[in-house]
Structures are given as structure tokens and as C-alpha cells.
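**Student:** Could you have a look at this structure, given as C-alpha cells, before my questions?
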Amino acid sequence: MKKNSPAPSSPAIVGSRRDFLGKSALAGLATAGATIGLTGCKEEAAPGKAAVPAKAADNSDHIKPGQLDTYYAFISAGHGGEVRVLGLPSGRTLKRIPVFNMDCMVGWGITNESKAIIGTKADGSLQYNTGDTHHVHGSYKDGTYDSRWLFVNDKINARLARIRMDTMECDKITNLPNVMGFHGIFPDKRDPVDAAVNYTTRVFCGAEFHTPLPNDGRDLDDPTKWGCLFTCVDAASMEVRWQCRIDGNMELVATSYDGKLAAATQYNTEGGVDLAGMMSAERDACIFFNVARIEQAIKDGKATTIGNSKVPVVDGRKAANADPATAVTCYVPVGKNPHGVNASPDGKYFVCAGKLSPTATVIELTKVLAWFGGEVKLPRDCVVAEPELGLGPLHTAFDGKGNAFTSLFLDSAVVKWNVDASIAQFKGDKAAKVVLDRIDVHYQPGHGYASMGETKEADGKYFNSGNKFSKDRFLPVGPLHCETEQLIDISGAKMSLLADHTAYPEPHDGIIVRRDVVKTRQIHTMTDFPNAVTAETAGIERKGNKVQVRLMSQAPAFSMPVIKVKVGDEVTLTLTNHDKVEDLTHGCAIPTFNINFIVNPQETKSVTFKADRPGAYWVYCTHFCHALHLEMRSRLLVEA
């Protein structure tokens with residue numbers, strides 16, 4: 001290998017970007033000719049300069065400049081294909097995490113590493129350029145978030161993605177076989193088989209659209225043979241463990257705190273393929289999956305496969321599971337066309353929202369387990385309450401104090417109600433006060449979720465309402481309006497609207513996580529990247545018409561001022577950021593060749609492109625890094 005790149009002139013020192021910019025700007029002017037320039041200097045923050053935590057909630061919900069938010073909100077972005085990170089209560093957008101979409105700032109869908117995660121065709125182009133994220137949920141330990149992973153679905157192309165919470169970057173995407181319209185997801189909260197494992201081991205995925213199985217051209221004119229699959233994915237390996245065929249279509253998914261049950265709301269029990277056909281039944285259902293029984297059935301050889309997939313499939317349809325003693329599924333009748341299903345923080349109940357029924361259905365989980373044990377006669381006997389809440393109930397959140405908060409799509413409102421009172425009312429107590437409060441939102445809320453509300457640590461501070469329309473709430477910007485995230489204080493007896501936060505269409509489900517729970521890293525570890533470029537490996541290597549360009553960056557320069565290749569070469573450029581200063585990210589863009597990406601401190605990324613046009617092209621840094629940022633360039637010379 002030809003070595004034409006000197007090592008960085010001095011070791012990088014960990015420090016803050018503010019320290020770096022303040023101390024190095026003038027010095028950089030004196031050393032502009034160095035191949036690799038300045039490094040940061042660590043300095044203890046002066047008193048009063050450090051970011052200040054937000055004031056206690058009982059003093060103020062206003063986050064002043066320099067203060068930190070109390071919570072993170074991780075929100076799926078719908079057909080934007082990404083996950084968005086907000087600080088709450090300020091509503092500041094902290095990060096947009098590209099997942100199923102392309103992002104020309106980060107280089108997601110451009111770098112070789114991101115293409116490998118997204119998936120490519122034989123010619124190296126992306127398998128899909130679109131995505132539709134709906135639900136994002138975190139991994140658990142002992143009933144609360146453990147800051148390992150976030151999981152999010154792609155409804156369009158039936159994919160499950162995993163995001164590392166320490167870097168807030170997607171690291172795995174899995175395709176679900178024989179599934180279309182993958183909608184609801186939820187991780188287990190502890191292992192359903194091994195009670196000693198009290199953290200997330202599986203992620204459950206509900207398919208919304210029924211299709212021919214396999215969908216290879218057969219049975220196109222006979223929808224009675226079509227079906228839906230509930231899928232279990234291994235959280236660590238992201239490989240599909242098993243699938244379970246069910247009746248009808250699935251919406252949302254929930255899991256029990258003891259790990260034994262997963263559930264999905266089921267609509268279109270009729271198996272219809274048009275609107276009229278999907279509306280004829282009086283009720284739909286919430287399907288409960290006995291995970292241990294499903295996995296035992298697979299061990300016992302009671303599974304099949306579909307098409308070319310080797311994933312074992314168990315029959316969970318109602319007709320095959322009439323006997324509770326052997327059943328793997330239980331269909332609990334609920335209100336028509338249910339949407340959300342959510343677990344109460346005490347671990348006792350699942351609440352299903354009716355959508356086309358003005359009710360929510362409260363299901364007691366011990367009764368579901370009793371049905372599987374033959375101790376409850378009918379699945380409907382597992383229902384312990386069905387309060388009337390309003391028009392178009394969709395999603396329910398909890399405050400950890402026995403109260404639930406349900407979004408009402410048609411009423412454009414959020415209703416606060418008490419779970420125990422609803423159970424008392426269902427038993428005949430006419431004096432029970434179920435509904436405690438209502439608040440208008442603007443407009444047509446879809447998803448709603450409370451701070452830590454899907455954990456045993458639900459704290460009853462905030463409820464976020466993701467609304468589908470904003471209409472007159474903000475300045476008009478043409479036919480497509482922004483949408484709204486409205487933050488509601490639920491800590492008192494009466495709900496109070498705190499703020500409108502704009503959202504680029506279309507906000508979906510999310511979680512609100514206390515900031516102390518989230519553990520991030522500020523710089524990467526260079527040795528985590530097998531292709532990291534060092535002084536010993538930097539340079540250019542040619543094998544035929546395939547050229548490896550190994551480049552280092554350290555503000556304010558790239559390690560090679562000139563890079564020469566020939567027309568027709570397949571060029572792989574690998575770039576390692578040698579800076580160790582927090583937030584000191586570099587960019588790398590090459591005009592004409594569709595190259596633009598960033599590398600964070602100590603990170604390595606690569607791109608591959610065809611040098612099919614002769615000429616001189618500036619390789620330049622796109623991410624502001626230094627007082628001499630504009631001068632941070634190399635020349636790519638493509639010889640004819």
C-alpha cells in the first residue's frame with residue numbers, strides 16, 4: 001500500500017466543542033498550512049456556564065435558555081420514515097433519526113454502512129427508498145426503560161428497525177416474511193419462558209393487511225384463503241423467531257409485565273376486502289397470544305412454513321384454538337373496530353379503545369390466563385369494564401395513580417377516567433364516577449402517551465397528544481399544514497394545555513422518557529470500526545479498476561490534499577474522524593458524484609461510487625467544525 005498521508009500532528013484531547021472553538025480559532029490561523037490541524041483543549045467549565053437542569057415541575061414548566069428539558073420524547077414520524085427526538089416540556093427538536101428514509105445530512109442511504117443496514121438490490125441500490133413509521137417503543141428491564149434500544153416499524157414494507165439509544169442511530173433492520181401492512185409493535189418486558197430474565201428478549205409485530213400466503217400470485221380471486229401473521233423477532237439478533245396465523249387484521253400490540261402474554265387489537269373479523277365487508281360484525285376482538293405455548297408447539301413440531309420462508313408458523317386462528325387447554329390464542333370480544341391496546345402500569349389490565357364504539361374495554365390479565373387454564377368459561381368473561389368515554393376513542397395512557405387518558409378522534413378531545421371506578425360501574429355501582437375530566441385538543445388526536453406511562457414508573461406529569469390536523473393553529477404555509485403535538489399537564493385534578501409544538505406530517509406513536517434514564521455516549525470508540533483509518537493504513541490502494549481511498553479528518557484538514565483516480569474506477573472512500581472533541585463532526589461531500597455524509601468524533605464511514613467523469617472535484621467538509629471550516633478541502637482529480 002502506498003503511504004502518502006502523514007499522521008495527525010498531535011493527539012486529540014477530549015473536551016467540549018465550545019472550548020475547542022473558543023481556544024482554537026486564532027491558533028488555527030497560524031497553522032493553516034498543516035495537513036492535519038488543531039485539536040481541542042479540555043477546560044473545566046466556569047461557574048454558571050454549565051447547562052442548568054429544568055426547574056422542578058411544581059415551580060415552572062418553562063424551560064429557559066441554557067436549561068435542560070426534564071424528558072425526552074421519541075416519536076415516530078409516519079410516512080417521513082424517521083424517528084424524531086424532542087425535549088419536553090420545551091418541545092425543542094433535538095434530533096431526527098433517519099431509519100427508512102434517506103437523509104443527505106447524515107448520509108443515511110448513501111454510505112456503505114447505512115446501505116448494508118437498509119438493504120440493497122443486486123446492483124447496490126437501495127431495496128426501498130420509502131418507509132412509514134408508526135410506533136416506537138423502548139426496551140425494558142424490570143418493568144421500565146433500560147436505555148438499550150428503541151424499536152420502530154415500517155408499515156409499507158413490513159420491516160422492523162432497531163435504534164441504539166446510546167448513539168441514537170439505527171443499527172439493524174429486519175424484513176418480516178409473508179407480511180404486508182406491518183403496524184403494531186411492542187417489546188416484551190421480561191422473558192415469557194425464563195422468569196429469571198427480567199429484560200426485553202423479543203419484539204412482537206402485528207400485520208394489518210391480510211394477503212395470500214404466500215403472496216406469489218396464487219389465490220388472487222379468493223380472499224377467503226388470505227391471512228395475517230403475528231411475528232416474534234429476537235431483540236438481540238433481530239432475526240425472526242416465529243409467526244402465528246390469526247383471523248382478521250391487527251392494529252396495535254401490547255405486552256404484559258409478567259412476560260406471559262402479548263396481545264393485538266383485531267379488526268375486520270369478517271375477513272372483508274372492502275368497506276362494507278369489514279363493517280358487518282357487531283364486535284371485533286383483542287387477540288391474546290400465549291407465548292410459552294406457541295414456542296412449545298414449535299418445539300413439539302406443531303408448526304408449518306409458508307413459501308420460501310423457513311420461519312415456523314403456528315395456527316392461531318379461532319377454529320384451531322377452541323379448547324383453552326391447548327389454545328395458543330384467546331379472542332376477547334371488544335368494541336367495534338378497536339385501535340389502541342395499552343397495558344396499565346400496575347400490570348393488571350389491558351385497555352382497548354373502540355374507535356367505532358364510544359367505549360374502552362378493560363380486560364383483566366389474570367382472567368385471560370385463567371381462560372387458558374380452563375377456569376374462565378368464555379373469553380368475554382375476561383372483560384371487567386367497558387366505560388363510555390366519547391366519540392372515536394383511539395389510544396390510552398396512564399398516570400400511575402389509577403387514572404387513564406384516552407384520545408377521542410371525533411370529539412377532538414382527551415378524556416381522563418378512573419380504571420377502578422369503571423370496574424365498579426361495570427359491576428353495577430351506579431354512583432361510580434368514571435369520567436373525571438375532558439380537555440379539547442386541536443384537532444382530531446391520534447396517538448397520545450404519558451410520561452413514563454408505559455412503564456411501572458408512570459409518573460403522571462405530562463400527556464402528549466399527537467393531532468392529525470392543525471388548521472388555524474399556525475401560520476399558513478400552503479395546502480399542506482404542519483401538524484400539532486400538544487403537551488398537556490396531567491399532574492393535577494384538571495388537565496391543562498401547556499403548549500403547541502409543530503410537527504412535520506405525520507406524527508404517530510411515541511414514548512416520553514425521563515432524561516436520567518437515557519444514557520448516551522458523546523464520542524465513538526475508534527476501535528469499534530474494523531475499517532477505521534489510521535496513520536498506518538491511510539493512503540490509496542489500487543487493484544485493477546477498484547481503488548481504495550483511506551482518508552482521515554482532523555479539524556481543519558483532510559489527511560490527503562490531493563486524491564488521484566482514473567475515469568471508470570470504482571472508488572471506495574473511507575473516512576475516519578480523528579477528533580475527540582464532543583460535537584466536533586466533519587462532513588464529506590463530493591460534487592457530481594452524489595456523495596454527502598458526516599462522521600462523528602472517532603467514527604468511520606465509507607462510500608463507493610463510479611468515477612465516470614474526468615475533471616477536478618473539491619472534496620469539502622459540509623459540517624461546520626472550525627474557524628477554517630471553509631478551507632477544509634481536498635482535490636479529487638479524475639484523469640481521463
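Quick note on naming: the chains in the C-alpha cells go A, B, ... in the order shown, residues restart at 1 in each chain, and ligands are numbered from 1 in order of appearance.
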Which residues of region 270-378 of chain A come within 12 Å of region 256-263 of chain A, and what is each one's closest atom pair and distance in Å (one decimal), counting only C-alpha atoms, sorted by chain and residue number, as a Markdown table?

**Tutor:**
| residue | atom | partner | partner_atom | distance |
| --- | --- | --- | --- | --- |
| A:Ala285 | CA | A:Ala263 | CA | 10.2 |
| A:Cys286 | CA | A:Ala263 | CA | 6.6 |
| A:Ile287 | CA | A:Ala263 | CA | 5.3 |
| A:Phe288 | CA | A:Ala263 | CA | 4.3 |
| A:Phe289 | CA | A:Ala262 | CA | 5.2 |
| A:Asn290 | CA | A:Leu261 | CA | 5.4 |
| A:Val291 | CA | A:Leu261 | CA | 6.2 |
| A:Ala292 | CA | A:Lys260 | CA | 7.0 |
| A:Arg293 | CA | A:Lys260 | CA | 9.6 |
| A:Ile294 | CA | A:Leu261 | CA | 10.9 |
| A:Glu295 | CA | A:Lys260 | CA | 11.7 |
| A:Val328 | CA | A:Leu261 | CA | 10.3 |
| A:Thr329 | CA | A:Ala263 | CA | 9.2 |
| A:Cys330 | CA | A:Ala263 | CA | 9.2 |
| A:Tyr331 | CA | A:Ala263 | CA | 9.5 |
| A:Val332 | CA | A:Ala263 | CA | 10.1 |
| A:Gly340 | CA | A:Ala263 | CA | 10.7 |
| A:Val341 | CA | A:Ala263 | CA | 7.9 |
| A:Asn342 | CA | A:Ala263 | CA | 9.4 |
| A:Ala343 | CA | A:Ser256 | CA | 6.8 |
| A:Ser344 | CA | A:Ser256 | CA | 9.0 |
| A:Pro345 | CA | A:Tyr257 | CA | 8.4 |
| A:Asp346 | CA | A:Tyr257 | CA | 8.4 |
| A:Gly347 | CA | A:Tyr257 | CA | 5.5 |
| A:Lys348 | CA | A:Ser256 | CA | 8.4 |
| A:Tyr349 | CA | A:Ser256 | CA | 8.5 |
| A:Phe350 | CA | A:Ser256 | CA | 8.2 |
| A:Val351 | CA | A:Ala263 | CA | 10.8 |
| A:Cys352 | CA | A:Ala263 | CA | 10.3 |
| A:Ile363 | CA | A:Ala263 | CA | 11.0 |
| A:Glu364 | CA | A:Ser256 | CA | 10.8 |
| A:Leu365 | CA | A:Ser256 | CA | 8.0 |
| A:Thr366 | CA | A:Leu261 | CA | 10.3 |
| A:Lys367 | CA | A:Leu261 | CA | 11.8 |
| A:Val368 | CA | A:Leu261 | CA | 8.9 |
| A:Leu369 | CA | A:Leu261 | CA | 8.4 |
| A:Phe372 | CA | A:Leu261 | CA | 10.9 |

**Student:** At a cut-off of 10 Å, using only C-alpha atoms, what residues contact Phe74 (chain A)? Leave out same-chain residues fewer than 5 positions from it and give the result as a PyMOL selection string.

**Tutor:** chain A and resi 83-87+95-97+135-138+150+509-513

**Student:** Env of region 163-173 of chain A: 10 Å cut, atoms = only C-alpha atoms, seq-sep filter 4 positions within chain, self excluded. Answer as a PyMOL selection string.

**Tutor:** chain A and resi 82-83+85+95-100+108+113-114+116-119+136+138-139+146-154+159+236-239+518-524

**Student:** How would the residues just chosen look if you wrote them out with C-alpha atoms as a CSV table (one decimal), in the first residue's frame?

**Tutor:**
chain,number,residue,atom,x,y,z
A,82,GLU,CA,-37.8,8.5,10.6
A,83,VAL,CA,-37.9,8.8,14.4
A,85,VAL,CA,-36.4,13.2,19.3
A,95,LYS,CA,-32.6,15.1,16.6
A,96,ARG,CA,-34.1,13.4,13.6
A,97,ILE,CA,-33.0,9.8,13.4
A,98,PRO,CA,-33.2,8.5,9.8
A,99,VAL,CA,-34.4,4.9,9.6
A,100,PHE,CA,-36.4,4.0,6.5
A,108,TRP,CA,-28.2,7.7,5.6
A,113,GLU,CA,-22.7,1.1,6.2
A,114,SER,CA,-26.2,2.5,6.1
A,116,ALA,CA,-26.0,-2.5,4.5
A,117,ILE,CA,-28.5,-1.9,7.3
A,118,ILE,CA,-31.3,-0.7,5.0
A,119,GLY,CA,-30.7,-3.5,2.4
A,136,VAL,CA,-41.7,3.4,18.6
A,138,GLY,CA,-38.1,1.1,24.1
A,139,SER,CA,-36.5,-2.0,25.6
A,146,ASP,CA,-33.2,0.4,30.2
A,147,SER,CA,-31.8,2.8,27.6
A,148,ARG,CA,-30.6,-0.1,25.3
A,149,TRP,CA,-32.8,0.1,22.2
A,150,LEU,CA,-35.7,1.7,20.5
A,151,PHE,CA,-37.8,-0.3,18.1
A,152,VAL,CA,-39.9,1.1,15.2
A,153,ASN,CA,-41.9,-0.4,12.4
A,154,ASP,CA,-42.2,0.3,8.7
A,159,ARG,CA,-39.7,-4.1,8.3
A,236,ALA,CA,-30.7,-9.1,20.3
A,237,SER,CA,-30.2,-10.8,16.9
A,238,MET,CA,-33.1,-9.1,15.1
A,239,GLU,CA,-33.9,-12.5,13.5
A,518,VAL,CA,-31.4,7.9,28.8
A,519,LYS,CA,-27.6,7.1,28.7
A,520,THR,CA,-25.9,8.5,25.7
A,521,ARG,CA,-22.3,8.5,24.6
A,522,GLN,CA,-20.7,11.7,23.3
A,523,ILE,CA,-18.0,10.3,21.0
A,524,HIS,CA,-17.5,6.9,19.4

**Student:** If you count only C-alpha atoms, which residues fall within 10 Å of Tyr620 (chain A), apart from same-chain ones fewer than 6 positions away, as a list in words?

**Tutor:**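 Using only C-alpha atoms, the neighbours found are Ala557, Phe558, His586, Gly587, Cys588, Ala589, Ile590, Pro591, Asn596, His629, Leu630, Glu631, Met632, Arg633, Ser634 and Arg635 of chain A.
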
**Student:** Create the file for the chosen residues now, containing N, CA, C and O atoms and written as a JSON list (two decimals), in the first residue's frame.

**Tutor:**
[["chain", "number", "residue", "atom", "x", "y", "z"],
["A", 557, "ALA", "N", -8.53, 19.99, 8.45],
["A", 557, "ALA", "CA", -8.00, 19.45, 7.19],
["A", 557, "ALA", "C", -8.29, 17.97, 7.07],
["A", 557, "ALA", "O", -8.47, 17.25, 8.05],
["A", 558, "PHE", "N", -8.32, 17.52, 5.81],
["A", 558, "PHE", "CA", -8.27, 16.10, 5.48],
["A", 558, "PHE", "C", -6.80, 15.70, 5.34],
["A", 558, "PHE", "O", -5.94, 16.53, 5.08],
["A", 586, "HIS", "N", -17.41, 16.11, 11.31],
["A", 586, "HIS", "CA", -17.00, 16.55, 9.98],
["A", 586, "HIS", "C", -17.96, 16.00, 8.93],
["A", 586, "HIS", "O", -18.58, 14.94, 9.11],
["A", 587, "GLY", "N", -18.06, 16.73, 7.82],
["A", 587, "GLY", "CA", -18.81, 16.26, 6.67],
["A", 587, "GLY", "C", -17.87, 15.94, 5.53],
["A", 587, "GLY", "O", -16.70, 16.33, 5.53],
["A", 588, "CYS", "N", -18.40, 15.22, 4.55],
["A", 588, "CYS", "CA", -17.62, 14.90, 3.36],
["A", 588, "CYS", "C", -18.56, 14.91, 2.16],
["A", 588, "CYS", "O", -19.45, 14.06, 2.06],
["A", 589, "ALA", "N", -18.38, 15.89, 1.28],
["A", 589, "ALA", "CA", -19.21, 15.98, 0.09],
["A", 589, "ALA", "C", -18.32, 16.03, -1.14],
["A", 589, "ALA", "O", -17.23, 16.64, -1.11],
["A", 590, "ILE", "N", -18.78, 15.39, -2.21],
["A", 590, "ILE", "CA", -18.07, 15.42, -3.49],
["A", 590, "ILE", "C", -19.07, 15.80, -4.57],
["A", 590, "ILE", "O", -20.01, 15.03, -4.85],
["A", 591, "PRO", "N", -18.94, 16.97, -5.17],
["A", 591, "PRO", "CA", -19.86, 17.37, -6.23],
["A", 591, "PRO", "C", -19.86, 16.37, -7.38],
["A", 591, "PRO", "O", -18.88, 15.67, -7.63],
["A", 596, "ASN", "N", -22.46, 12.73, 0.01],
["A", 596, "ASN", "CA", -22.55, 13.67, 1.14],
["A", 596, "ASN", "C", -22.88, 12.86, 2.39],
["A", 596, "ASN", "O", -23.88, 12.15, 2.43],
["A", 629, "HIS", "N", -13.19, 26.15, 8.60],
["A", 629, "HIS", "CA", -14.07, 25.12, 8.03],
["A", 629, "HIS", "C", -14.12, 25.23, 6.50],
["A", 629, "HIS", "O", -14.06, 24.22, 5.79],
["A", 630, "LEU", "N", -14.27, 26.44, 5.96],
["A", 630, "LEU", "CA", -14.40, 26.60, 4.51],
["A", 630, "LEU", "C", -13.13, 26.19, 3.78],
["A", 630, "LEU", "O", -13.18, 25.84, 2.58],
["A", 631, "GLU", "N", -12.01, 26.22, 4.47],
["A", 631, "GLU", "CA", -10.75, 25.83, 3.84],
["A", 631, "GLU", "C", -10.48, 24.33, 3.97],
["A", 631, "GLU", "O", -9.45, 23.84, 3.46],
["A", 632, "MET", "N", -11.34, 23.61, 4.64],
["A", 632, "MET", "CA", -11.12, 22.17, 4.84],
["A", 632, "MET", "C", -11.55, 21.43, 3.58],
["A", 632, "MET", "O", -12.70, 21.04, 3.41],
["A", 633, "ARG", "N", -10.56, 21.24, 2.68],
["A", 633, "ARG", "CA", -10.86, 20.65, 1.38],
["A", 633, "ARG", "C", -9.70, 19.78, 0.88],
["A", 633, "ARG", "O", -8.55, 20.01, 1.24],
["A", 634, "SER", "N", -10.05, 18.80, 0.05],
["A", 634, "SER", "CA", -9.07, 18.06, -0.73],
["A", 634, "SER", "C", -9.50, 18.10, -2.19],
["A", 634, "SER", "O", -10.67, 18.39, -2.49],
["A", 635, "ARG", "N", -8.56, 17.80, -3.09],
["A", 635, "ARG", "CA", -8.88, 17.80, -4.52],
["A", 635, "ARG", "C", -8.97, 16.36, -5.03],
["A", 635, "ARG", "O", -8.00, 15.60, -4.88]]

**Student:** So, with only C-alpha atoms as the atoms that count, which of A:Ser309, A:Ala303, A:Val565, A:Thr269 lies closest to Gly335 (chain A)?

**Tutor:**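 Going through A:Ser309, A:Ala303, A:Val565, A:Thr269 one by one, the smallest distance to Gly335 (chain A) is for A:Thr269.
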
**Student:** If we count only C-alpha atoms, what is near Asn129 (chain A) at a cut-off of 9 Å, once residues fewer than 5 positions away on the same chain are taken out, given as a PyMOL selection string?

**Tutor:** chain A and resi 100-102+109

**Student:** Return the single residue from A:Pro561, A:Arg241, A:Met105, A:Leu410 that is closest to Thr622 (chain A), with distances computed using only C-alpha atoms.

**Tutor:**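 With only C-alpha atoms as the atom set, the closest residue is A:Met105.
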